[in-house]
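What follows is one structure encoded as structure tokens, with my remarks underneath.
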Amino acid sequence: MDGPLLTLAAAHNAAARVKCIDCHIGADRKDYLVIKALAAWDTGRWVVGAYTDPGILRYPLGDRTCLKCHPDGGENPRVEKAFHNASYHRDPRNGCSECHRSHLKAPAETRFLLQALAKPLCDQCHQALLGIPSK
Ligand code: HEC
Ligand code: HEC
Ligand code: HEC
Ligand code: HEC
């Protein structure tokens, strides 16, 4: 979290003091209970020396976790043509984390979006809805 910002998760901590647990606790009561149970299990495994890093999330955080702090789905009233200000770039839409990956290294200039991940989703929707061919 120090030095140049490399990931969206790090940017959250730097810009707004959003900590790991603020995302990783999920959004509702069920998330809280499931995640605490997983954490207790992991702690037990760690104590007996049998813990291995799962490498992926066993319990997806889902859009609801992003929406608890970004209730308007990423709109920006300060910037006239911000991407999510357009109604058609809010709903229907892909999952937040399909475009916005939290832990993959990406440039701050693209707000930590990776073209290789995001562009196929732009193309898919534009092609399906509008018949615009992909480039
Ligand atoms: C902005 C919300 C957010 C913050 C802050 C955040 N994470 Fe994550 N994390 C996610 C999401 C969402 C995933 C699922 C994979 C993805 O979308 O990149 C994830 C995945 C993970 C994984 C599974 C491995 C992987 O890369 O998929 C681990 C481990 C993890 N996070 C640890 C951390 C730690 C440690 C911190 C604090 C230093 C942290 N996270 C901060 C949202 C966040
Ligand atoms: C605990 C609150 C919280 C959660 C949970 C959260 N965010 Fe954020 N996010 C913020 C704050 C605060 C900022 C910085 C202020 C702003 O730009 O609104 C921010 C900034 C961002 C930015 C702009 C980053 C930049 O540097 O340009 C993106 C993109 C983003 N969040 C996406 C997500 C996604 C996707 C998730 C779910 C995986 C998520 N956020 C979860 C609070 C949160
Ligand atoms: C199809 C890909 C895609 C999906 C899905 C997506 N976003 Fe975005 N998001 C973008 C793009 C593109 C931008 C604009 C980046 C820029 O300004 O350079 C953006 C910008 C943002 C920002 C920064 C807004 C600002 O100007 O400060 C936030 C916050 C954000 N998204 C949150 C979300 C949330 C929450 C979700 C899920 C409800 C989501 N996004 C789903 C592509 C996506
Ligand atoms: C959920 C479907 C969907 C997704 C995903 C999507 N778009 Fe769009 N996009 C639309 C629709 C619908 C329009 C409106 C076309 C019209 O006005 O005729 C549009 C219009 C546009 C326009 C022209 C108007 C404007 O707002 O400037 C641009 C540029 C654009 N999209 C870029 C993108 C990019 C870049 C991505 C991926 C990060 C993306 N779109 C993802 C549905 C989508």
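We label chains A, B, ... in the order they appear in the structure tokens, count residues from 1 in each chain, and number ligands from 1 in the order shown.
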Per residue of chain A within 6 Å of ligand 2, note the shortest atom pair and the distance in Å to one decimal, counting only C-alpha atoms and all ligand atoms, and order the rows by chain and increasing residue number, as a tab-separated table.
residue	atom	partner	partner_atom_place_in_ligand_line	distance
A:Ala11	CA	ligand 2	26 (O)	5.4
A:His12	CA	ligand 2	19 (C)	5.5
A:Ala15	CA	ligand 2	14 (C)	5.6
A:Ala16	CA	ligand 2	12 (C)	4.8
A:Val18	CA	ligand 2	1 (C)	5.3
A:Asp22	CA	ligand 2	1 (C)	4.8
A:Cys23	CA	ligand 2	5 (C)	4.4
A:Thr65	CA	ligand 2	5 (C)	5.3
A:Cys66	CA	ligand 2	37 (C)	3.4
A:Cys69	CA	ligand 2	2 (C)	4.4
A:Cys96	CA	ligand 2	35 (C)	4.9
A:Ser97	CA	ligand 2	35 (C)	5.4
A:His100	CA	ligand 2	35 (C)	4.9
A:Arg111	CA	ligand 2	27 (O)	4.1
Writing out the chosen residues with C-alpha atoms as a PDB file, in the first residue's frame:
ATOM      1  CA  ALA A  11      -5.954   3.085  -4.402  1.00  0.00           C
ATOM      2  CA  HIS A  12      -8.894   2.587  -2.058  1.00  0.00           C
ATOM      3  CA  ALA A  15      -7.431   7.795  -1.410  1.00  0.00           C
ATOM      4  CA  ALA A  16      -9.957   6.987   1.246  1.00  0.00           C
ATOM      5  CA  VAL A  18     -10.707   1.921   2.801  1.00  0.00           C
ATOM      6  CA  ASP A  22     -14.123  -2.843   4.533  1.00  0.00           C
ATOM      7  CA  CYS A  23     -14.472  -4.763   1.254  1.00  0.00           C
ATOM      8  CA  THR A  65     -20.165  -4.962  -1.662  1.00  0.00           C
ATOM      9  CA  CYS A  66     -19.219  -2.254  -4.160  1.00  0.00           C
ATOM     10  CA  CYS A  69     -20.160   2.588  -0.875  1.00  0.00           C
ATOM     11  CA  CYS A  96     -18.478  -4.586 -11.181  1.00  0.00           C
ATOM     12  CA  SER A  97     -15.484  -6.875 -10.710  1.00  0.00           C
ATOM     13  CA  HIS A 100     -12.828  -3.442 -12.053  1.00  0.00           C
ATOM     14  CA  ARG A 111      -8.433   3.982 -13.013  1.00  0.00           C
TER      15      ARG A 111
END
*Excluding Leu38 in chain A and any residue of its chain fewer than 2 positions from it, enumerate the residues within 12 Å of it, using only C-alpha atoms, and give them as a PyMOL selection string.*
chain A and resi 24-25+31-36+40-45+54+57-59
*Looking at only C-alpha atoms and all ligand atoms, which of A:Glu98, A:Asp123, A:Glu80, A:Glu75 is the one that sits closest to ligand 1?*
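Smallest distance to ligand 1 is found for A:Glu98.
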*Tell me which protein, DNA and RNA residues are within 12 Å of Pro107 in chain A, counting only C-alpha atoms, leaving out same-chain ones fewer than 6 positions away, and put them as a PyMOL selection string.*
chain A and resi 4-8+10-11+113-115
Hey, which bits of chain A sit within 8 Å of ligand 4, and for each residue what's the closest pair of atoms and how far apart in Å (one decimal), counting only C-alpha atoms and all ligand atoms, rows by chain and increasing number, as JSON lines?
{"residue": "A:Lys81", "atom": "CA", "partner": "ligand 4", "partner_atom_place_in_ligand_line": "26 (O)", "distance": 7.3}
{"residue": "A:Phe83", "atom": "CA", "partner": "ligand 4", "partner_atom_place_in_ligand_line": "26 (O)", "distance": 6.8}
{"residue": "A:Ala86", "atom": "CA", "partner": "ligand 4", "partner_atom_place_in_ligand_line": "26 (O)", "distance": 6.1}
{"residue": "A:Tyr88", "atom": "CA", "partner": "ligand 4", "partner_atom_place_in_ligand_line": "12 (C)", "distance": 4.7}
{"residue": "A:His89", "atom": "CA", "partner": "ligand 4", "partner_atom_place_in_ligand_line": "43 (C)", "distance": 5.4}
{"residue": "A:Arg90", "atom": "CA", "partner": "ligand 4", "partner_atom_place_in_ligand_line": "1 (C)", "distance": 7.0}
{"residue": "A:Asp91", "atom": "CA", "partner": "ligand 4", "partner_atom_place_in_ligand_line": "1 (C)", "distance": 6.2}
{"residue": "A:Pro92", "atom": "CA", "partner": "ligand 4", "partner_atom_place_in_ligand_line": "1 (C)", "distance": 4.9}
{"residue": "A:Arg93", "atom": "CA", "partner": "ligand 4", "partner_atom_place_in_ligand_line": "1 (C)", "distance": 4.2}
{"residue": "A:Asn94", "atom": "CA", "partner": "ligand 4", "partner_atom_place_in_ligand_line": "5 (C)", "distance": 6.3}
{"residue": "A:Cys99", "atom": "CA", "partner": "ligand 4", "partner_atom_place_in_ligand_line": "38 (C)", "distance": 7.4}
{"residue": "A:Ala118", "atom": "CA", "partner": "ligand 4", "partner_atom_place_in_ligand_line": "38 (C)", "distance": 5.4}
{"residue": "A:Lys119", "atom": "CA", "partner": "ligand 4", "partner_atom_place_in_ligand_line": "37 (C)", "distance": 5.5}
{"residue": "A:Pro120", "atom": "CA", "partner": "ligand 4", "partner_atom_place_in_ligand_line": "37 (C)", "distance": 7.9}
{"residue": "A:Leu121", "atom": "CA", "partner": "ligand 4", "partner_atom_place_in_ligand_line": "5 (C)", "distance": 5.5}
{"residue": "A:Cys122", "atom": "CA", "partner": "ligand 4", "partner_atom_place_in_ligand_line": "41 (C)", "distance": 3.6}
{"residue": "A:Asp123", "atom": "CA", "partner": "ligand 4", "partner_atom_place_in_ligand_line": "41 (C)", "distance": 6.9}
{"residue": "A:Gln124", "atom": "CA", "partner": "ligand 4", "partner_atom_place_in_ligand_line": "5 (C)", "distance": 7.1}
{"residue": "A:Cys125", "atom": "CA", "partner": "ligand 4", "partner_atom_place_in_ligand_line": "2 (C)", "distance": 4.4}
{"residue": "A:His126", "atom": "CA", "partner": "ligand 4", "partner_atom_place_in_ligand_line": "43 (C)", "distance": 5.4}
{"residue": "A:Leu129", "atom": "CA", "partner": "ligand 4", "partner_atom_place_in_ligand_line": "12 (C)", "distance": 6.3}
{"residue": "A:Leu130", "atom": "CA", "partner": "ligand 4", "partner_atom_place_in_ligand_line": "12 (C)", "distance": 6.9}
Create the file for the chosen residues now, containing N, CA and C atoms and written as a PDB file, in the first residue's frame.
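The file below, again.pdb, is the result:
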ATOM      1  N   LYS A  81     -19.177  13.910 -18.579  1.00  0.00           N
ATOM      2  CA  LYS A  81     -19.321  12.719 -19.417  1.00  0.00           C
ATOM      3  C   LYS A  81     -18.722  11.467 -18.783  1.00  0.00           C
ATOM      4  N   PHE A  83     -18.213   7.875 -17.431  1.00  0.00           N
ATOM      5  CA  PHE A  83     -18.738   6.646 -18.040  1.00  0.00           C
ATOM      6  C   PHE A  83     -20.088   6.218 -17.469  1.00  0.00           C
ATOM      7  N   ALA A  86     -23.997   7.856 -17.971  1.00  0.00           N
ATOM      8  CA  ALA A  86     -24.969   7.494 -19.009  1.00  0.00           C
ATOM      9  C   ALA A  86     -25.842   6.348 -18.506  1.00  0.00           C
ATOM     10  N   TYR A  88     -27.330   4.091 -20.022  1.00  0.00           N
ATOM     11  CA  TYR A  88     -27.030   2.798 -20.671  1.00  0.00           C
ATOM     12  C   TYR A  88     -25.715   2.202 -20.194  1.00  0.00           C
ATOM     13  N   HIS A  89     -24.924   2.915 -19.429  1.00  0.00           N
ATOM     14  CA  HIS A  89     -23.715   2.333 -18.841  1.00  0.00           C
ATOM     15  C   HIS A  89     -23.891   2.041 -17.354  1.00  0.00           C
ATOM     16  N   ARG A  90     -25.127   1.982 -16.934  1.00  0.00           N
ATOM     17  CA  ARG A  90     -25.414   1.585 -15.559  1.00  0.00           C
ATOM     18  C   ARG A  90     -26.197   0.288 -15.522  1.00  0.00           C
ATOM     19  N   ASP A  91     -27.248   0.202 -16.313  1.00  0.00           N
ATOM     20  CA  ASP A  91     -28.186  -0.903 -16.175  1.00  0.00           C
ATOM     21  C   ASP A  91     -28.835  -1.161 -17.525  1.00  0.00           C
ATOM     22  N   PRO A  92     -28.764  -2.341 -18.119  1.00  0.00           N
ATOM     23  CA  PRO A  92     -28.152  -3.536 -17.571  1.00  0.00           C
ATOM     24  C   PRO A  92     -26.627  -3.472 -17.685  1.00  0.00           C
ATOM     25  N   ARG A  93     -25.948  -4.276 -16.903  1.00  0.00           N
ATOM     26  CA  ARG A  93     -24.498  -4.193 -16.921  1.00  0.00           C
ATOM     27  C   ARG A  93     -23.871  -5.501 -16.429  1.00  0.00           C
ATOM     28  N   ASN A  94     -22.579  -5.568 -16.603  1.00  0.00           N
ATOM     29  CA  ASN A  94     -21.828  -6.725 -16.101  1.00  0.00           C
ATOM     30  C   ASN A  94     -21.557  -6.537 -14.610  1.00  0.00           C
ATOM     31  N   CYS A  99     -15.077  -5.851 -14.803  1.00  0.00           N
ATOM     32  CA  CYS A  99     -14.236  -4.773 -15.350  1.00  0.00           C
ATOM     33  C   CYS A  99     -13.218  -4.304 -14.308  1.00  0.00           C
ATOM     34  N   ALA A 118     -11.589  -5.387 -19.985  1.00  0.00           N
ATOM     35  CA  ALA A 118     -12.796  -4.564 -20.139  1.00  0.00           C
ATOM     36  C   ALA A 118     -13.305  -4.543 -21.583  1.00  0.00           C
ATOM     37  N   LYS A 119     -12.392  -4.432 -22.540  1.00  0.00           N
ATOM     38  CA  LYS A 119     -12.835  -4.194 -23.923  1.00  0.00           C
ATOM     39  C   LYS A 119     -13.745  -5.298 -24.486  1.00  0.00           C
ATOM     40  N   PRO A 120     -13.443  -6.574 -24.245  1.00  0.00           N
ATOM     41  CA  PRO A 120     -14.360  -7.605 -24.743  1.00  0.00           C
ATOM     42  C   PRO A 120     -15.782  -7.428 -24.215  1.00  0.00           C
ATOM     43  N   LEU A 121     -15.915  -6.898 -22.984  1.00  0.00           N
ATOM     44  CA  LEU A 121     -17.253  -6.685 -22.414  1.00  0.00           C
ATOM     45  C   LEU A 121     -17.939  -5.499 -23.082  1.00  0.00           C
ATOM     46  N   CYS A 122     -17.174  -4.447 -23.387  1.00  0.00           N
ATOM     47  CA  CYS A 122     -17.735  -3.305 -24.126  1.00  0.00           C
ATOM     48  C   CYS A 122     -18.230  -3.803 -25.485  1.00  0.00           C
ATOM     49  N   ASP A 123     -17.363  -4.538 -26.170  1.00  0.00           N
ATOM     50  CA  ASP A 123     -17.681  -5.017 -27.522  1.00  0.00           C
ATOM     51  C   ASP A 123     -18.912  -5.920 -27.510  1.00  0.00           C
ATOM     52  N   GLN A 124     -18.926  -6.832 -26.542  1.00  0.00           N
ATOM     53  CA  GLN A 124     -20.024  -7.795 -26.446  1.00  0.00           C
ATOM     54  C   GLN A 124     -21.375  -7.091 -26.366  1.00  0.00           C
ATOM     55  N   CYS A 125     -21.448  -6.099 -25.483  1.00  0.00           N
ATOM     56  CA  CYS A 125     -22.719  -5.411 -25.270  1.00  0.00           C
ATOM     57  C   CYS A 125     -23.049  -4.533 -26.472  1.00  0.00           C
ATOM     58  N   HIS A 126     -22.070  -3.802 -26.976  1.00  0.00           N
ATOM     59  CA  HIS A 126     -22.312  -2.926 -28.126  1.00  0.00           C
ATOM     60  C   HIS A 126     -22.750  -3.740 -29.335  1.00  0.00           C
ATOM     61  N   LEU A 129     -26.424  -5.141 -28.531  1.00  0.00           N
ATOM     62  CA  LEU A 129     -27.492  -4.145 -28.430  1.00  0.00           C
ATOM     63  C   LEU A 129     -27.593  -3.272 -29.672  1.00  0.00           C
ATOM     64  N   LEU A 130     -26.448  -2.963 -30.250  1.00  0.00           N
ATOM     65  CA  LEU A 130     -26.424  -1.919 -31.268  1.00  0.00           C
ATOM     66  C   LEU A 130     -25.979  -2.415 -32.633  1.00  0.00           C
TER      67      LEU A 130
END
*asked:* Let me make sure I understand: among A:Ala9, A:Val47, A:Cys20, A:Leu67, which one has the smallest atom-to-atom distance to Arg101 in chain A if we use only C-alpha atoms?
replied: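 Nearest to Arg101 in chain A: A:Ala9.
Minimum distance to Asp63 in chain A across A:Thr110, A:Asn13, A:Gly95, A:Asn76 (counting only C-alpha atoms) occurs at A:Gly95.
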*Secondary structure check, helix (DSSP H, G or I) residues of chain A, as a VMD selection string*: chain A and resid 8 to 16 20 to 24 29 to 47 62 to 67 83 to 85 87 to 89 96 to 99 108 to 110 115 to 130
_Considering only C-alpha atoms and all ligand atoms, can you say which of A:His84, A:Arg64, A:Lys19, A:His70 comes closest to ligand 1?_
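Distance minimum relative to ligand 1 lands on A:Lys19.
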*How many Å separate atom 27 (O, counted along the ligand's line) of ligand 1 from CA of Asp53 in chain A?*
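One can read the atom 27 (O, counted along the ligand's line) of ligand 1 to CA of Asp53 in chain A distance as 10.7 Å.
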*At what distance in Å, to one decimal, does atom 26 (O, counted along the ligand's line) of ligand 1 lie from CA of Leu104 in chain A?*
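One can read the CA of Leu104 in chain A to atom 26 (O, counted along the ligand's line) of ligand 1 distance as 7.2 Å.
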*Using only C-alpha atoms and all ligand atoms, which of the listed residues (A:Gly62, A:Asn85, A:Ala106, A:Lys30) sits closest to ligand 1?*
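Using only C-alpha atoms and all ligand atoms, the shortest distance to ligand 1 belongs to A:Gly62.
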*Taking only C-alpha atoms and all ligand atoms into account, which of A:Gly74, A:Gly49, A:Gly131, A:Gly26 comes nearest ligand 3?*
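Ranking A:Gly74, A:Gly49, A:Gly131, A:Gly26 by distance to ligand 3, first place goes to A:Gly74.
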*atom 29 (C, counted along the ligand's line) of ligand 3 to CA of Ser87 in chain A: how many Å, to one decimal?*
15.0 Å
